[in-house]
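A quick write-up on the structure given underneath.
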Amino acid sequence: MAASSRVRVYLACSMDGFIAGPDDDLSWLNEAGSQVDEATTDPGAVTFEAFMAQIGAMLMGRHTYDVVAGMGAWPYGDVPVLVPTSRPLEPVVPTVRAVQGPIESLVDQAKEAAGEHDVYLDGGALVRSGLDAGLVDEMVLTLVPMLVAGGVSLFDGLQTRRAMSFTRHAQYGPMVQLTLQARSGNL
């Protein structure tokens, strides 16, 4: 396992804290994303492509995997994707594989697969588990100026209070992107 690997989260969320609307609706994300251009984006904003260039492996929740796999084109290229599940998994690409274990073991497996690159933790329940266990090093959250009023909440169900520090903010089209790093201890 590479000691330099960080566990990172890269998500967009609505102003009321949802990462997907009812029935996994993501149309509101596509609307905001279609308005992103160089004229309305700060140079410090982290694009998905720039983020993925630093990722050596993903740890993706099963529900998130099912949603993304059903969308058509696979957006993660040849990055290894580890999906925690006890149900049979039909990989949409050869780089997807099922894993099992507690969150600490899952992160260790993802770090092993990532080598010297970072681990991308994706999926609401998995992100909350990583935050509760104190395993998330950095979060890049893109706030979409939308109130979704229901769906998949990013933070609902957290069990542990965590101190975070804002390290960067940037205009990203019509959105605001915040980068946060975990602080030692929980307050």
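Going through the structure tokens in order, the chains are called A, B, and so on, while each chain numbers its residues from 1 and the ligands are numbered from 1 in the order shown.
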
Tell me, as a VMD selection string, which residues lie within 9 Å of range 41-49 of chain A, counting only C-alpha atoms; anything in the same chain fewer than 3 positions away does not count. chain A and resid 10 36 to 38 52 to 53 140 168 to 178

List every residue of chain A that DSSP, applied to the backbone, labels as helix (DSSP H, G or I), and write the result as a ChimeraX atom specification. /A:22-24,27-33,38-40,48-52,62-69,103-114,124-132

Can you spit out the residues from that selection as a CSV table (one decimal), in the first residue's frame, using C-alpha atoms?
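Contents of again14.csv, as written:
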```csv
chain,number,residue,atom,x,y,z
A,22,PRO,CA,-35.7,11.3,-6.3
A,23,ASP,CA,-35.4,8.1,-8.3
A,24,ASP,CA,-31.7,8.9,-8.8
A,27,SER,CA,-30.8,16.0,-14.7
A,28,TRP,CA,-30.3,19.0,-12.5
A,29,LEU,CA,-26.5,18.3,-12.5
A,30,ASN,CA,-26.5,18.1,-16.3
A,31,GLU,CA,-28.3,21.4,-16.5
A,32,ALA,CA,-25.6,23.1,-14.4
A,33,GLY,CA,-22.8,21.3,-16.1
A,38,GLU,CA,-13.8,29.0,-19.5
A,39,ALA,CA,-15.3,32.5,-19.2
A,40,THR,CA,-17.3,31.5,-16.0
A,48,PHE,CA,-13.4,16.0,-13.4
A,49,GLU,CA,-10.6,15.2,-15.9
A,50,ALA,CA,-7.9,16.9,-13.8
A,51,PHE,CA,-9.2,15.1,-10.7
A,52,MET,CA,-9.3,11.7,-12.4
A,62,ARG,CA,-22.9,-0.5,-5.1
A,63,HIS,CA,-26.0,1.7,-5.6
A,64,THR,CA,-23.8,4.4,-7.3
A,65,TYR,CA,-22.2,1.7,-9.5
A,66,ASP,CA,-25.7,0.4,-10.6
A,67,VAL,CA,-26.8,4.0,-11.5
A,68,VAL,CA,-23.6,4.8,-13.4
A,69,ALA,CA,-23.5,1.4,-15.1
A,103,ILE,CA,-14.6,0.3,5.4
A,104,GLU,CA,-11.0,0.3,6.7
A,105,SER,CA,-10.3,-2.9,4.8
A,106,LEU,CA,-12.0,-1.6,1.7
A,107,VAL,CA,-9.9,1.6,1.7
A,108,ASP,CA,-6.7,-0.5,2.2
A,109,GLN,CA,-7.7,-2.6,-0.8
A,110,ALA,CA,-8.4,0.5,-2.9
A,111,LYS,CA,-5.0,2.1,-1.8
A,112,GLU,CA,-3.3,-1.1,-2.9
A,113,ALA,CA,-4.9,-0.9,-6.3
A,114,ALA,CA,-4.1,2.8,-6.6
A,124,GLY,CA,-23.3,8.7,-0.6
A,125,ALA,CA,-23.4,5.8,1.9
A,126,LEU,CA,-19.7,4.9,1.2
A,127,VAL,CA,-18.6,8.5,1.6
A,128,ARG,CA,-20.5,8.8,4.9
A,129,SER,CA,-18.8,5.5,6.1
A,130,GLY,CA,-15.4,6.9,5.2
A,131,LEU,CA,-16.1,10.2,6.9
A,132,ASP,CA,-17.4,8.4,10.1
```

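Shortest separation to Leu82 in chain A among A:Ala20, A:Leu158, A:Leu143, A:Leu59 occurs at residue A:Leu59, atoms counted being only C-alpha atoms.
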
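Those residues in range 110-149 of chain A carrying a DSSP assignment of strand (DSSP E or B), computed from the backbone, are Asp118, Val119, Tyr120, Leu121, Asp122, Glu138, Met139, Val140, Leu141, Thr142, Leu143 and Val144 of chain A.
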
Those residues with C-alpha atoms, as a compact mmCIF listing (two decimals), in the first residue's frame please?
```
# COMPACT_ATOMS: atom_id res chain seq x y z
CA ASP A 118 -5.04 8.70 -4.85
CA VAL A 119 -8.25 6.82 -4.10
CA TYR A 120 -11.57 8.27 -5.23
CA LEU A 121 -14.34 7.43 -2.76
CA ASP A 122 -17.75 7.71 -4.46
CA GLU A 138 -10.00 15.65 1.08
CA MET A 139 -13.41 16.55 -0.31
CA VAL A 140 -13.98 18.55 -3.49
CA LEU A 141 -17.64 19.58 -3.35
CA THR A 142 -19.25 21.48 -6.19
CA LEU A 143 -22.36 23.27 -4.95
CA VAL A 144 -25.07 23.54 -7.57
```

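Taking CA of Ser86 in chain A as the reference point, CA of Gly101 in chain A is found at 9.6 Å.
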
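The space separating CA of Gly115 in chain A from CA of Ala133 in chain A comes to 21.7 Å.
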
Selection near Val148 in chain A, 7 Å with only C-alpha atoms, sequence-local residues under 6 positions removed, as a PyMOL selection string: chain A and resi 14+16+18+21

Using the selection just defined, write its residues with C-alpha atoms as a CSV table (one decimal), in the first residue's frame.
```csv
chain,number,residue,atom,x,y,z
A,14,SER,CA,-27.5,20.7,-4.4
A,16,ASP,CA,-29.9,21.5,0.2
A,18,PHE,CA,-28.5,16.1,-2.2
A,21,GLY,CA,-32.8,13.7,-6.8
```

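A straight line drawn from CA of Gly56 in chain A to CA of Ala12 in chain A is 20.7 Å long.
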
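Minimum distance to Asp156 in chain A across A:Ile19, A:Ala182, A:Leu26, A:Val7 (counting only C-alpha atoms) occurs at A:Ile19.
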